[in-house]
>>> print(open('work_35.cif').read())   # mmCIF, C-alpha atoms
data_start
loop_
_atom_site.label_atom_id
_atom_site.label_comp_id
_atom_site.auth_asym_id
_atom_site.auth_seq_id
_atom_site.Cartn_x
_atom_site.Cartn_y
_atom_site.Cartn_z
CA MET Z 1 53.48 98.67 49.94
CA LYS Z 2 52.59 98.42 46.31
CA GLU Z 3 54.48 100.58 43.84
CA ILE Z 4 53.05 101.45 40.47
CA ASN Z 5 55.42 102.36 37.61
CA LYS Z 6 58.49 101.88 39.83
CA GLU Z 7 60.64 101.56 36.71
CA PHE Z 8 60.53 105.35 36.40
CA LEU Z 9 62.09 105.67 39.85
CA ASN Z 10 64.70 102.99 39.14
CA LYS Z 11 65.69 104.63 35.89
CA ALA Z 12 66.09 108.02 37.54
CA LEU Z 13 68.14 106.48 40.34
CA THR Z 14 70.68 105.18 37.82
CA LYS Z 15 71.11 108.69 36.50
CA LEU Z 16 71.84 110.29 39.87
CA ASN Z 17 75.01 112.34 40.17
CA ILE Z 18 78.34 110.87 41.15
CA TYR Z 19 80.36 113.19 43.33
CA GLU Z 20 84.12 113.39 43.57
CA PRO Z 21 86.07 114.68 46.54
CA GLY Z 22 88.64 117.43 46.04
CA GLU Z 23 92.35 116.65 45.79
CA GLN Z 24 92.86 118.43 49.11
CA LEU Z 25 91.09 115.56 50.85
CA TRP Z 26 93.75 113.07 49.84
CA LEU Z 27 96.46 115.45 51.05
CA GLN Z 28 94.76 115.57 54.44
CA ILE Z 29 94.48 111.80 54.52
CA GLN Z 30 98.14 111.57 53.53
CA ASP Z 31 99.15 113.95 56.33
CA ASN Z 32 97.33 111.76 58.80
CA LEU Z 33 98.83 108.64 57.31
CA ASN Z 34 102.27 110.21 57.69
CA GLU Z 35 101.59 110.51 61.39
CA LEU Z 36 100.36 106.94 61.73
CA PRO Z 37 103.85 105.45 62.25
CA LEU Z 38 104.53 108.06 64.90
CA GLN Z 39 101.20 107.35 66.61
CA GLN Z 40 101.91 103.64 66.45
CA ALA Z 41 105.42 104.16 67.74
CA THR Z 42 104.26 106.26 70.68
CA LYS Z 43 101.98 103.41 71.71
CA ASN Z 44 105.00 101.09 71.74
CA LEU Z 45 107.34 103.37 73.66
CA ALA Z 46 109.26 101.69 76.46
CA GLU Z 47 108.18 101.85 80.08
CA TYR Z 48 110.71 102.78 82.68
CA GLU Z 49 110.73 101.64 86.28
CA PRO Z 50 111.70 104.11 88.97
CA ASP Z 51 114.34 103.29 91.58
CA ASP Z 52 113.07 101.98 94.93
CA LYS Z 53 114.62 105.00 96.60
CA ILE Z 54 111.93 107.16 95.01
CA TRP Z 55 109.21 105.35 96.92
CA ALA Z 56 111.18 105.68 100.13
CA LEU Z 57 111.40 109.42 99.54
CA ILE Z 58 107.71 109.69 98.78
CA GLU Z 59 106.84 107.73 101.91
CA LYS Z 60 109.11 109.91 104.03
CA GLU Z 61 107.70 113.12 102.58
CA TRP Z 62 104.20 111.81 103.09
CA SER Z 63 104.73 111.06 106.80
CA VAL Z 64 106.35 114.50 107.36
CA SER Z 65 103.54 116.15 105.51
CA LYS Z 66 101.01 114.18 107.57
CA SER Z 67 102.54 115.30 110.88
CA ARG Z 68 102.72 118.88 109.58
CA LYS Z 69 99.11 118.71 108.65
CA ALA Z 70 98.21 117.30 112.07
CA MET Z 71 100.08 120.17 113.75
CA ILE Z 72 98.26 122.70 111.64
CA TRP Z 73 94.95 121.11 112.57
CA TYR Z 74 95.79 121.12 116.30
CA ALA Z 75 96.84 124.77 116.11
CA ALA Z 76 93.70 125.70 114.24
CA ALA Z 77 91.54 123.84 116.77
CA THR Z 78 93.28 125.58 119.70
CA VAL Z 79 92.83 129.02 118.14
CA LEU Z 80 89.20 128.26 117.47
CA LEU Z 81 88.59 127.10 121.04
CA ALA Z 82 90.37 130.15 122.48
CA SER Z 83 88.29 132.41 120.27
CA PHE Z 84 85.08 130.82 121.49
CA LEU Z 85 86.15 131.16 125.13
CA GLY Z 86 87.15 134.80 124.62
CA LEU Z 87 83.87 135.58 122.97
CA TRP Z 88 81.95 133.84 125.70
CA LEU Z 89 83.74 135.88 128.38
CA LEU Z 90 83.57 139.20 126.59
CA LEU Z 91 80.10 139.01 125.18
CA PRO Z 92 78.09 139.93 128.38
CA ALA Z 93 80.27 143.02 129.03
CA GLN Z 94 80.09 144.18 125.48
CA SER Z 95 76.38 143.91 125.13
CA PRO Z 96 74.45 145.04 128.28
CA GLU Z 97 70.96 143.75 128.46
CA ILE Z 98 68.15 146.23 128.05
CA LEU Z 99 64.88 145.26 129.67
CA ILE Z 100 61.73 146.92 128.57
CA SER Z 101 58.51 146.73 130.53
CA GLN Z 102 55.20 148.40 130.07
CA GLN Z 103 52.96 149.61 132.86
CA GLU Z 104 49.31 150.61 132.69
CA ILE Z 105 47.36 152.89 134.99
CA ASP Z 106 44.62 150.95 136.73
CA SER Z 107 41.88 153.34 137.93
CA ARG Z 108 40.75 150.81 140.56
CA LEU Z 109 44.12 151.15 142.33
CA GLN Z 110 44.20 154.94 142.48
CA ALA Z 111 44.52 156.48 146.01
CA GLY Z 112 42.25 159.45 145.45
CA LYS Z 113 39.35 157.99 147.45
CA GLN Z 114 41.13 158.66 150.78
CA ALA Z 115 40.21 162.36 150.37
CA ALA Z 116 36.82 161.66 152.08
CA THR Z 117 38.37 161.70 155.62
CA ASP Z 118 40.22 164.91 154.78
CA GLU Z 119 36.93 166.53 153.77
CA GLN Z 120 35.40 165.54 157.16
CA PHE Z 121 38.50 166.90 158.94
CA ASP Z 122 38.13 170.20 157.01
CA THR Z 123 34.44 170.32 158.06
CA LEU Z 124 35.48 169.92 161.73
CA LYS Z 125 38.04 172.66 161.37
CA THR Z 126 35.37 174.99 159.96
CA TYR Z 127 33.19 174.08 162.92
CA CYS Z 128 36.09 174.92 165.28
CA GLU Z 129 36.24 178.43 163.89
CA THR Z 130 32.87 179.17 165.58
CA GLU Z 131 32.83 176.67 168.46
CA THR Z 132 36.17 177.45 170.05
CA VAL Z 133 35.50 175.86 173.50
CA VAL Z 134 36.11 172.26 172.51
CA CYS Z 135 38.58 173.09 169.81
CA ASP Z 136 40.80 174.94 172.19
CA ARG Z 137 41.13 171.92 174.44
CA PRO Z 138 44.71 170.62 174.45
CA ASP Z 139 43.69 167.00 173.66
CA PHE Z 140 41.64 168.24 170.69
CA LYS Z 141 44.56 170.34 169.51
CA GLN Z 142 46.84 167.32 169.92
CA LEU Z 143 44.53 165.20 167.79
CA THR Z 144 44.33 167.96 165.18
CA HIS Z 145 48.08 168.15 165.05
CA GLU Z 146 48.42 164.37 164.77
CA TYR Z 147 45.87 164.31 161.99
CA GLU Z 148 47.62 167.02 160.00
CA THR Z 149 50.92 165.22 160.41
CA LEU Z 150 49.34 162.01 159.17
CA ARG Z 151 47.67 163.85 156.31
CA LEU Z 152 51.03 165.30 155.18
CA ALA Z 153 52.63 161.87 155.40
CA SER Z 154 49.75 160.41 153.44
CA GLN Z 155 50.14 163.04 150.71
CA GLN Z 156 53.89 162.37 150.39
CA LEU Z 157 53.25 158.65 150.31
CA GLN Z 158 50.70 159.07 147.54
CA GLN Z 159 53.24 161.07 145.53
CA ALA Z 160 55.78 158.27 146.01
CA ILE Z 161 53.29 155.65 144.93
CA GLY Z 162 52.48 157.60 141.78
CA ASN Z 163 49.80 156.58 139.31
CA TYR Z 164 50.72 152.94 138.77
CA ASN Z 165 50.32 151.52 142.32
CA THR Z 166 52.86 148.80 141.66
CA GLU Z 167 54.46 148.81 145.15
CA PRO Z 168 52.38 146.66 147.52
CA ASP Z 169 54.38 147.79 150.62
CA LEU Z 170 53.68 151.46 149.96
CA MET Z 171 50.04 150.67 149.43
CA ARG Z 172 49.89 148.87 152.79
CA GLN Z 173 51.53 151.85 154.52
CA LEU Z 174 49.07 154.24 152.90
CA SER Z 175 46.18 152.08 154.00
CA ALA Z 176 47.53 152.05 157.60
CA LEU Z 177 47.93 155.85 157.56
CA GLU Z 178 44.42 156.32 156.33
CA GLN Z 179 43.18 154.00 159.07
CA GLU Z 180 45.00 156.06 161.72
CA LYS Z 181 43.59 159.29 160.26
CA ALA Z 182 40.10 157.82 160.43
CA ASP Z 183 40.65 156.77 164.10
CA ILE Z 184 41.84 160.27 165.02
CA LEU Z 185 38.95 161.82 163.17
CA ASN Z 186 36.55 159.58 165.20
CA LYS Z 187 38.19 160.65 168.48
CA MET Z 188 37.85 164.33 167.47
CA ALA Z 189 34.19 163.80 166.56
CA LYS Z 190 33.50 162.18 170.01
CA LEU Z 191 35.03 165.17 171.75
CA ILE Z 192 32.68 167.49 169.93
CA MET A 1 95.63 96.98 36.75
CA THR A 2 96.54 95.89 40.26
CA SER A 3 94.22 93.26 41.70
CA GLU A 4 92.38 93.95 44.95
CA SER A 5 94.37 91.41 46.93
CA GLU A 6 97.69 92.84 45.67
CA LEU A 7 96.50 96.31 46.51
CA ILE A 8 95.54 95.22 50.03
CA ALA A 9 98.89 93.51 50.53
CA ASP A 10 100.77 96.63 49.44
CA CYS A 11 98.60 98.84 51.63
CA LEU A 12 99.37 96.61 54.61
CA LEU A 13 103.05 97.40 53.95
CA HIS A 14 102.15 101.10 54.22
CA ASP A 15 102.95 101.61 50.57
CA ARG A 16 101.76 105.14 49.93
CA THR A 17 101.26 104.56 46.20
CA ALA A 18 99.07 101.56 46.87
CA GLN A 19 97.12 103.51 49.45
CA ARG A 20 96.54 106.29 46.95
CA LEU A 21 95.45 103.76 44.36
CA LEU A 22 92.96 102.22 46.76
CA TYR A 23 91.65 105.66 47.66
CA ASP A 24 91.22 106.63 44.02
CA ARG A 25 89.42 103.41 43.29
CA TYR A 26 86.71 104.00 45.91
CA LYS A 27 86.70 107.74 46.52
CA LYS A 28 83.80 108.64 44.19
CA SER A 29 81.37 105.98 45.32
CA MET A 30 82.19 106.50 48.99
CA TYR A 31 82.09 110.28 48.73
CA THR A 32 78.76 110.12 46.91
CA LEU A 33 77.36 107.78 49.55
CA ALA A 34 78.62 110.00 52.38
CA TYR A 35 77.11 113.07 50.72
CA ARG A 36 73.75 111.34 50.09
CA ILE A 37 73.47 110.41 53.77
CA THR A 38 74.79 113.62 55.28
CA ALA A 39 73.44 115.99 52.60
CA ASP A 40 76.42 118.22 53.32
CA PHE A 41 79.72 118.36 51.40
CA ASP A 42 81.76 119.41 54.43
CA ASP A 43 80.39 116.50 56.44
CA ALA A 44 81.03 114.20 53.47
CA ASN A 45 84.68 115.34 53.36
CA ASP A 46 85.08 114.64 57.09
CA VAL A 47 83.42 111.26 56.75
CA LEU A 48 85.59 110.27 53.80
CA GLN A 49 88.78 111.29 55.54
CA ASP A 50 87.89 109.48 58.76
CA SER A 51 86.73 106.44 56.84
CA PHE A 52 89.88 106.01 54.76
CA LEU A 53 92.08 106.55 57.78
CA GLU A 54 90.16 103.77 59.52
CA VAL A 55 90.49 101.61 56.41
CA PHE A 56 94.27 102.02 56.33
CA ARG A 57 94.64 101.56 60.09
CA HIS A 58 92.52 98.44 60.28
CA LEU A 59 93.04 96.89 56.91
CA ASP A 60 94.66 93.93 58.66
CA GLN A 61 91.21 93.16 60.11
CA PHE A 62 89.64 92.79 56.64
CA ARG A 63 88.94 89.07 56.32
CA GLY A 64 87.71 89.05 52.74
CA GLU A 65 84.23 87.82 53.70
CA ALA A 66 82.76 90.55 51.49
CA THR A 67 84.40 92.69 48.83
CA LEU A 68 86.73 95.43 49.98
CA GLY A 69 84.26 97.97 48.57
CA ALA A 70 81.45 96.53 50.71
CA TRP A 71 83.70 96.60 53.77
CA ILE A 72 84.67 100.22 53.18
CA LYS A 73 81.05 101.15 52.44
CA LYS A 74 79.91 99.90 55.86
CA ILE A 75 82.58 102.05 57.48
CA VAL A 76 81.37 105.07 55.48
CA ILE A 77 77.72 104.41 56.40
CA ARG A 78 78.60 104.07 60.09
CA LYS A 79 80.61 107.28 60.08
CA SER A 80 77.99 109.17 58.05
CA THR A 81 75.09 108.28 60.35
CA LYS A 82 77.28 109.04 63.35
CA LYS A 83 78.13 112.41 61.84
CA LYS A 84 74.44 113.25 61.53
CA ARG A 85 73.78 111.85 65.01
CA LEU A 86 70.98 109.97 63.34
CA VAL A 87 68.26 108.66 65.60
CA ILE A 88 65.48 106.66 63.97
CA TRP A 89 62.43 106.13 66.18
CA GLU A 90 60.96 102.68 66.16
CA ASN A 91 57.83 102.63 64.02
CA ILE A 92 56.39 99.44 62.68
CA GLU A 93 53.17 100.61 61.03
CA ASP A 94 51.99 98.19 58.38
CA HIS A 95 51.81 99.89 54.99
CA SER A 96 51.55 96.69 52.95
CA GLN A 97 48.08 97.61 51.71
CA GLU A 98 49.07 101.11 50.64
CA SER A 99 50.45 102.02 47.25
CA ILE A 100 52.61 104.67 45.65
CA ASN A 101 52.25 105.57 41.98
CA TRP A 102 55.45 106.94 40.44
CA GLY A 103 53.55 108.56 37.57
CA GLU A 104 53.12 108.03 33.87
CA SER A 105 56.40 109.51 32.64
CA GLU A 106 60.12 109.48 33.40
CA ILE A 107 61.37 111.09 36.57
CA ASN A 108 63.92 113.83 36.12
CA ALA A 109 67.13 112.69 37.86
CA ALA A 110 68.08 116.20 38.90
CA HIS A 111 64.67 116.69 40.52
CA LEU A 112 64.99 113.33 42.22
CA GLU A 113 68.45 114.28 43.51
CA THR A 114 67.10 117.50 44.99
CA ALA A 115 64.12 115.71 46.48
CA ILE A 116 66.31 113.02 48.08
CA LEU A 117 68.53 115.67 49.65
CA SER A 118 65.42 117.44 50.97
CA LEU A 119 64.12 114.39 52.80
CA PRO A 120 64.38 114.26 56.61
CA ASP A 121 67.65 112.60 57.72
CA GLY A 122 66.07 109.31 58.77
CA PHE A 123 63.92 108.91 55.68
CA ARG A 124 66.82 109.89 53.40
CA THR A 125 69.25 107.45 54.97
CA ILE A 126 66.90 104.50 54.71
CA PHE A 127 65.92 105.44 51.13
CA VAL A 128 69.56 105.76 50.04
CA LEU A 129 70.54 102.48 51.70
CA ALA A 130 67.55 100.56 50.37
CA GLU A 131 66.93 102.02 46.92
CA VAL A 132 70.27 103.50 45.87
CA GLU A 133 72.72 101.14 47.56
CA GLY A 134 70.48 98.07 47.39
CA TYR A 135 70.67 96.88 50.99
CA THR A 136 67.87 94.65 52.23
CA HIS A 137 65.72 95.69 55.21
CA LYS A 138 67.43 92.98 57.23
CA GLU A 139 70.87 94.45 56.46
CA ILE A 140 69.64 97.98 57.13
CA ALA A 141 68.13 96.86 60.44
CA VAL A 142 71.48 95.43 61.54
CA MET A 143 73.49 98.46 60.38
CA MET A 144 71.13 101.05 61.85
CA LYS A 145 70.25 98.99 64.94
CA ILE A 146 66.53 99.21 64.24
CA SER A 147 63.87 96.60 63.49
CA GLU A 148 63.08 95.50 59.95
CA GLY A 149 59.55 96.86 60.44
CA THR A 150 60.93 100.27 61.22
CA SER A 151 63.16 100.15 58.16
CA LYS A 152 60.15 99.27 55.98
CA SER A 153 57.98 101.93 57.55
CA GLN A 154 60.69 104.59 57.14
CA LEU A 155 61.14 103.63 53.50
CA PHE A 156 57.40 103.88 52.87
CA HIS A 157 57.25 107.37 54.37
CA ALA A 158 60.39 108.39 52.48
CA LYS A 159 58.90 107.28 49.17
CA ARG A 160 55.54 108.88 49.82
CA LYS A 161 57.26 112.16 50.66
CA LEU A 162 59.52 111.88 47.62
CA ARG A 163 56.56 111.26 45.37
CA SER A 164 54.77 114.21 46.84
CA MET A 165 57.82 116.45 46.29
CA LEU A 166 58.29 115.26 42.71
CA THR A 167 54.62 115.86 41.92
CA SER A 168 54.55 119.33 43.43
CA GLY A 169 57.93 120.25 41.91
#
>>> encode(input="work_35.cif", output="structure tokens")
Amino acid sequence: MKEINKEFLNKALTKLNIYEPGEQLWLQIQDNLNELPLQQATKNLAEYEPDDKIWALIEKEWSVSKSRKAMIWYAAATVLLASFLGLWLLLPAQSPEILISQQEIDSRLQAGKQAATDEQFDTLKTYCETETVVCDRPDFKQLTHEYETLRLASQQLQQAIGNYNTEPDLMRQLSALEQEKADILNKMAKLI
Amino acid sequence: MTSESELIADCLLHDRTAQRLLYDRYKKSMYTLAYRITADFDDANDVLQDSFLEVFRHLDQFRGEATLGAWIKKIVIRKSTKKKRLVIWENIEDHSQESINWGESEINAAHLETAILSLPDGFRTIFVLAEVEGYTHKEIAVMMKISEGTSKSQLFHAKRKLRSMLTSG
């Protein structure tokens, strides 16, 4: 760095102000200096050694405290374990399970199709109103009675099954009933 | 007038009169230095108080390798830069080919004073140490824990800024 006419700067620097601290500053320094001997003395204060009995007491207190602490921990652990057991036993009774299931109507499983045999039976009955000879025969009357009994049973079974057809046993029974109705209807037709 | 060595000896005996005498002998130069670095009278007061307390506490460590004034001054500089929490970033740009022209007429000292106090902390500290107090870049580098290159670079920027302020003012 080259400086041109630096003498102007140097001359101005010699004329810069000189500042003087206030008298208060010395008083503060003096206050601190007054405390110096005390500070020095506190550093040189004597050290005192405790009696050996003190350590014995501390050791004793420590072991008592340790066993007390251990007891507290055991008690806390027992209470915690008991609480868990109690909860485990009580929980099922307090909160019954609720099961939710959803069922759908399946049109393929509906029992309405069995009505075809009933229609044929009704046709035979209409026929019997005019052709009384065969229909008055006791065996024909017996078959008619059996059929009507089976038809009533079939209707009750269909009510029990309902719309969902979720009971396979009931469905098997219904199928067997319908088969018997069909057999009876065949026997009645042969008689005519 | 009490000689410096007699004064030191009396101060080591915790003679309050000697301590006051020593304080009075250096208070103006040290206070001015502290103010120039901190640019704040309250900070300068704190620095001066702390510095003289350290001087009186550790006067037994003064080996006489430099003058007492130089020894005290280093304490004041250390405490002043610490007070400002001064951090100077390393910067070793080479400005040897650049020049600063200080003008064709005298510089007004009052304007210069104001301009110095307006400089950024780092620039002001290096300028004061180098140009006002006369420390070399090597000495400044040791005191401020920076490289000589950084000291030179900081001084160049300080002067360029000063010149700019004096011209515009």
>>> resolve_selection(input="work_35.cif", expression="the PyMOL selection byres ((chain Z) within 6 of (chain A))", output="ChimeraX atom specification")
/Z:1-6,8,12,15-16,18-20,29
>>> write_last_selection(input="work_35.cif", atoms="C-alpha atoms", output="PDB file, keeping the file's coordinate frame")
ATOM      1  CA  MET Z   1      53.480  98.670  49.940  1.00  0.00           C
ATOM      2  CA  LYS Z   2      52.590  98.420  46.310  1.00  0.00           C
ATOM      3  CA  GLU Z   3      54.480 100.580  43.840  1.00  0.00           C
ATOM      4  CA  ILE Z   4      53.050 101.450  40.470  1.00  0.00           C
ATOM      5  CA  ASN Z   5      55.420 102.360  37.610  1.00  0.00           C
ATOM      6  CA  LYS Z   6      58.490 101.880  39.830  1.00  0.00           C
ATOM      7  CA  PHE Z   8      60.530 105.350  36.400  1.00  0.00           C
ATOM      8  CA  ALA Z  12      66.090 108.020  37.540  1.00  0.00           C
ATOM      9  CA  LYS Z  15      71.110 108.690  36.500  1.00  0.00           C
ATOM     10  CA  LEU Z  16      71.840 110.290  39.870  1.00  0.00           C
ATOM     11  CA  ILE Z  18      78.340 110.870  41.150  1.00  0.00           C
ATOM     12  CA  TYR Z  19      80.360 113.190  43.330  1.00  0.00           C
ATOM     13  CA  GLU Z  20      84.120 113.390  43.570  1.00  0.00           C
ATOM     14  CA  ILE Z  29      94.480 111.800  54.520  1.00  0.00           C
TER      15      ILE Z  29
END
>>> atom_distance(input="work_35.cif", atom1="atom CA of A:Ala158", atom2="atom CA of A:Phe123")
4.8 Å
>>> atom_distance(input="work_35.cif", atom1="atom CA of Z:Ala153", atom2="atom CA of Z:Leu177")
7.9 Å
>>> atom_distance(input="work_35.cif", atom1="atom CA of Z:Glu167", atom2="atom CA of Z:His145")
28.5 Å
>>> resolve_selection(input="work_35.cif", expression="the PyMOL selection byres ((chain A and resi 84) around 9)", output="PyMOL selection string")
chain A and resi 37-38+43+79-83+85-87+121
>>> resolve_selection(input="work_35.cif", expression="the PyMOL selection byres ((chain Z and resi 128) around 12)", output="NGL selection string")
:Z and (121-127 or 129-137 or 140-141 or 144 or 188-189 or 191-192)
>>> write_last_selection(input="work_35.cif", atoms="C-alpha atoms", output="mmCIF file, in the frame of the given file")
data_model
loop_
_atom_site.group_PDB
_atom_site.id
_atom_site.type_symbol
_atom_site.label_atom_id
_atom_site.label_comp_id
_atom_site.auth_asym_id
_atom_site.auth_seq_id
_atom_site.Cartn_x
_atom_site.Cartn_y
_atom_site.Cartn_z
ATOM 1 C CA PHE Z 121 38.500 166.900 158.940
ATOM 2 C CA ASP Z 122 38.130 170.200 157.010
ATOM 3 C CA THR Z 123 34.440 170.320 158.060
ATOM 4 C CA LEU Z 124 35.480 169.920 161.730
ATOM 5 C CA LYS Z 125 38.040 172.660 161.370
ATOM 6 C CA THR Z 126 35.370 174.990 159.960
ATOM 7 C CA TYR Z 127 33.190 174.080 162.920
ATOM 8 C CA GLU Z 129 36.240 178.430 163.890
ATOM 9 C CA THR Z 130 32.870 179.170 165.580
ATOM 10 C CA GLU Z 131 32.830 176.670 168.460
ATOM 11 C CA THR Z 132 36.170 177.450 170.050
ATOM 12 C CA VAL Z 133 35.500 175.860 173.500
ATOM 13 C CA VAL Z 134 36.110 172.260 172.510
ATOM 14 C CA CYS Z 135 38.580 173.090 169.810
ATOM 15 C CA ASP Z 136 40.800 174.940 172.190
ATOM 16 C CA ARG Z 137 41.130 171.920 174.440
ATOM 17 C CA PHE Z 140 41.640 168.240 170.690
ATOM 18 C CA LYS Z 141 44.560 170.340 169.510
ATOM 19 C CA THR Z 144 44.330 167.960 165.180
ATOM 20 C CA MET Z 188 37.850 164.330 167.470
ATOM 21 C CA ALA Z 189 34.190 163.800 166.560
ATOM 22 C CA LEU Z 191 35.030 165.170 171.750
ATOM 23 C CA ILE Z 192 32.680 167.490 169.930
#
>>> closest_residue(input="work_35.cif", among="Z:Met171, Z:Leu89, Z:Ile72, Z:Ile184", to="Z:Thr149", atoms="all atoms listed in the file")
Z:Ile184
>>> closest_residue(input="work_35.cif", among="A:Leu119, A:Ala18, A:Ile8, A:Ile77", to="A:His157", atoms="all atoms listed in the file")
A:Leu119
>>> axis_aligned_box(input="work_35.cif", around="stretch 26-40 of chain A", padding_each_side="3 Å", output="AutoDock Vina command-line options")
--center_x 80.1 --center_y 111.1 --center_z 49.7 --size_x 19.3 --size_y 20.2 --size_z 17.1
>>> residues_around(input="work_35.cif", residues="A:Ser147", least_positions_apart="4", cutoff="12 Å", atoms="all atoms listed in the file", output="list of chain:residue names")
A:Ile88, A:Trp89, A:Glu90, A:Asn91, A:Ile92, A:Glu93, A:His137, A:Lys138, A:Glu139, A:Ile140, A:Ala141, A:Val142, A:Met143, A:Ser151, A:Lys152, A:Ser153, A:Gln154
>>> residues_near_point(input="work_35.cif", point="(93.6, 97.1, 41.3)", cutoff="10 Å", atoms="all atoms listed in the file", output="list in words")
Met1, Thr2, Ser3, Glu4, Ser5, Glu6, Leu7, Ile8, Ala18, Leu21, Leu22 and Arg25 of chain A
>>> write_last_selection(input="work_35.cif", atoms="C-alpha atoms", output="mmCIF file, in the frame of the given file")
data_model
loop_
_atom_site.group_PDB
_atom_site.id
_atom_site.type_symbol
_atom_site.label_atom_id
_atom_site.label_comp_id
_atom_site.auth_asym_id
_atom_site.auth_seq_id
_atom_site.Cartn_x
_atom_site.Cartn_y
_atom_site.Cartn_z
ATOM 1 C CA MET A 1 95.630 96.980 36.750
ATOM 2 C CA THR A 2 96.540 95.890 40.260
ATOM 3 C CA SER A 3 94.220 93.260 41.700
ATOM 4 C CA GLU A 4 92.380 93.950 44.950
ATOM 5 C CA SER A 5 94.370 91.410 46.930
ATOM 6 C CA GLU A 6 97.690 92.840 45.670
ATOM 7 C CA LEU A 7 96.500 96.310 46.510
ATOM 8 C CA ILE A 8 95.540 95.220 50.030
ATOM 9 C CA ALA A 18 99.070 101.560 46.870
ATOM 10 C CA LEU A 21 95.450 103.760 44.360
ATOM 11 C CA LEU A 22 92.960 102.220 46.760
ATOM 12 C CA ARG A 25 89.420 103.410 43.290
#
>>> residues_around(input="work_35.cif", residues="Z:Ala182", least_positions_apart="4", cutoff="12 Å", atoms="only C-alpha atoms", output="ChimeraX atom specification")
/Z:114-121,143-144,146-148,150-151,175-178,186-189
>>> write_last_selection(input="work_35.cif", atoms="C-alpha atoms", output="short mmCIF file (atom, residue, chain, number, x, y, z; two decimals), in the coordinates of the input")
data_model
loop_
_atom_site.label_atom_id
_atom_site.label_comp_id
_atom_site.auth_asym_id
_atom_site.auth_seq_id
_atom_site.Cartn_x
_atom_site.Cartn_y
_atom_site.Cartn_z
CA GLN Z 114 41.13 158.66 150.78
CA ALA Z 115 40.21 162.36 150.37
CA ALA Z 116 36.82 161.66 152.08
CA THR Z 117 38.37 161.70 155.62
CA ASP Z 118 40.22 164.91 154.78
CA GLU Z 119 36.93 166.53 153.77
CA GLN Z 120 35.40 165.54 157.16
CA PHE Z 121 38.50 166.90 158.94
CA LEU Z 143 44.53 165.20 167.79
CA THR Z 144 44.33 167.96 165.18
CA GLU Z 146 48.42 164.37 164.77
CA TYR Z 147 45.87 164.31 161.99
CA GLU Z 148 47.62 167.02 160.00
CA LEU Z 150 49.34 162.01 159.17
CA ARG Z 151 47.67 163.85 156.31
CA SER Z 175 46.18 152.08 154.00
CA ALA Z 176 47.53 152.05 157.60
CA LEU Z 177 47.93 155.85 157.56
CA GLU Z 178 44.42 156.32 156.33
CA ASN Z 186 36.55 159.58 165.20
CA LYS Z 187 38.19 160.65 168.48
CA MET Z 188 37.85 164.33 167.47
CA ALA Z 189 34.19 163.80 166.56
#
